[in-house]
Amino acid sequence: MLFGIYPAKAQQSDSAQILPPVTVSPSQKPAVKPARPDGKRSAGASRSQPKPAAAPSAAPAVASSGASPSTLHLTRQNTSGSRLNLTPLQTPASVETIASQTIEDRGQHNVTDAVAQDAVGFTASPAPGNGGLSFSTRGFTGSNSVMTLYDGTRLYVGAGTVTFPFDTWSADRIEVMRGPASVLYGEGAIGGIINVISKKPITTPYNDAEVSLDTNMTRRLAVDSGGPINPNVSYRINASGNMSDGWVDRDKTSNLAISAAVRVQAADNLAFTLSNDYGDRSPSRYFGTPLINGAIDDALRFKNYNVLDSAIRYQDNWTQFKTEWDVADGISVRDTLYYLTSRRHWRDVENYTWNPPTQLINRSSYIEIFHDQDQVGNRMDATFRGHVLGLANELVAGFDVNRVDFTHTNNSPYGGASSVSPYGIDMGSFWATPTPTTPGYNAIVNQYALFAEDRLSLTDQLSVVSGVRLDRPEVDRTDYRTPANSFESSLSGTSWRTGVVYTPVTDLAFYGQYATAVDPVTNLISLSATQKTFQLATGKQTEVGVKQSFWGGRGEWTLAGYQIIKNNLLVPDPNNPAGLALQVGQQSSRGVEASIGLALNDGWRVDANLALLRARYDTFSQVVSGQIVSYAGNVPINVPEQVSNMWLTWDFASNWSVYGGVQIVGRTFSDNANTQLRPAYTVVNGGLRWKPDERTTVALRVYNLFDTIYASSAPYAGQWLLGMPRTAELSVNVKF
């Protein structure tokens, strides 16, 4: 993975903040205890706690021109790969942290770019229909198989769509884990998870502002402020907004993200945090470019074939109330109560096909859809640190309950058709289709889960980390159009993992892990009447690897090998192809992943990663034109088998630095038959930074430096959604 090129804001805990030095007035005296810079009281600092066996030492600071000594953050706690807040060196899994300073320095304004360009083995397949947050890793793809979380909380996937979080300005860091994560976060996530950790209240005054403009006329303004309200109350508020003319015809976009949090230190061992995060997006309405004779016509690169009055809007709101209580020596309790809402609307013509006889673009799929989703839940766990038979032991156990209410309003079966000139300007308007837009169905999902995780230190060098989770979701679907298709269904699944970590010397760890997972046949809240009898699909992974931090933290590297097998995929019944499917299919992947980060002399830094895999359908078929067609041996959709990133930075003069990054994505297929190939591509980004003073940074960035034409996804057959062309951006950031 590629992290920490500059002063990192990566943290020692979920709330820790590394900030510029500030001057504190002598008159400000804490009422209880001196607060840590992250805004938390050291409630248990004076209590005797068993230390983790062979705990890696923190990388010492390196005197350089601002470069962070750590690139992969192997010695810093990661909250996403374990509920015990272990470091990556202590965790028997592939976990990584992308620091906010890295994201800021590379100009990655959205979560998709930050993950795909920095994390090992992740690629994105963004499209207006999936909310732009669809990822692939370790041979599995989509919002269900690669879960996106915010501060460890998941919003259930509604009809294949996740729309929050999207902007990186409010993120303190992004943590990722590759491999099954059902044992931590519930059904799904067989490929991995992406956890965006928000900026938290702090007790030292801090203010930050940034403005930028690019050649697509994207205007961006962002502000961030935090500090004490009084000795026991601190706050954090940040906001960012974009407005853009877009890079294709008639594609103006805008978004607004606002996050606010207040933390109250009620007692020496008790703290409460109330936060609210709001997002309002009118994203791109560009659904792709139709292929002409199987290829992209350069003359159509910037054409948008959506109707003139097309509209897309996502509105998300997350309210969370967190309690942190150090009950006694070695005992702590955490509780998160949350209420999440998502309102989405699409009105588009989405499918475009080249018609050779008429030399026109045929348009279909006149779609209008509304999503109304509400989710309320509570997650509580208790952590116990002590000894078992004289061995240091850490145990966390808890429960997770939530209720999702989702209504899907649409104009299915999405009729309507029209034809336009490939070079035309007037794309018409969205006119009424034969079917009006009315409520289609409502789904209520009640989910209950119990979980536990334990770390037992057998010796100072050897530890065992194990976990288990029991999930029981219940689905109650009401079909407004065909009441006979309404149903209730109860599912259950158990996930577990166990792993061993061996640390022969400080900051070198070998590990092995076996993990299981459960995955629904589709999004739970989109389960249909024909799928109501199916159980959760199951998966298992075997993984081994090694991680090391060396040169006092100036060098770090990781290497992992794995195999994942997913069973119980749906395939048609050979004796009744038109009838109920069978749950007997299988998909698998195996691969190797490597990453390295080096802070060299003379201001040079190199960060690189590589993921190679073999992903296949082992047993899988579908009905095509009334016949069963086997896809066994084929590569799953949207899964590249080679992914690599490399970043090179050089501080060539005092307060000046230049950097470049290369993203390489292997070929992918857009259909199960592997007949629709999207070629491999390489994208180069770069930039120049200047610090006229300690608190100001001026940056000139160029995205897609060589103006590569490439497809990031394929929403429909014969239609590619192209990546952004060469774009230059100028930004000014001021901290005060």
# chains A, B, ... in the order shown; residues from 1 in each chain; ligands from 1

$ closest_atom_pairs --of "stretch 213-325 of chain A" --to "stretch 352-367 of chain A" --cutoff "7 Å" --atoms "only C-alpha atoms" --output "tab-separated table"
residue	atom	partner	partner_atom	distance
A:Pro290	CA	A:Thr353	CA	5.6
A:Leu291	CA	A:Trp354	CA	6.8
A:Ile292	CA	A:Trp354	CA	6.2

$ select_by_dssp --residues "stretch 57-252 of chain A" --states "strand (DSSP E)" --output "PyMOL selection string"
chain A and resi 94-99+123-124+135-137+140-141+146-150+153-154+171-178+192-198+206-214+219-230+233-244

$ residues_around --residues "A:Ala673" --least-positions-apart "6" --cutoff "9 Å" --atoms "only C-alpha atoms" --output "list of chain:residue names"
A:Val629, A:Ser630, A:Tyr631, A:Asn634, A:Val635

$ residues_around --residues "A:Lys532" --least-positions-apart "3" --cutoff "8 Å" --atoms "only C-alpha atoms" --output "list in words"
Phe487, Glu488, Ser489, Leu527, Ser528 and Ala529 of chain A

$ write_last_selection --atoms "C-alpha atoms" --output "compact mmCIF listing (two decimals), in the first residue's frame"
# COMPACT_ATOMS: atom_id res chain seq x y z
CA PHE A 487 -43.21 -12.73 2.06
CA GLU A 488 -41.34 -13.07 5.33
CA SER A 489 -38.01 -14.85 5.59
CA LEU A 527 -34.48 -9.98 -1.73
CA SER A 528 -37.25 -11.04 -4.14
CA ALA A 529 -40.00 -13.63 -3.84

$ residues_around --residues "A:Trp647" --least-positions-apart "3" --cutoff "7 Å" --atoms "only C-alpha atoms" --output "VMD selection string"
chain A and resid 606 to 608 660 to 662
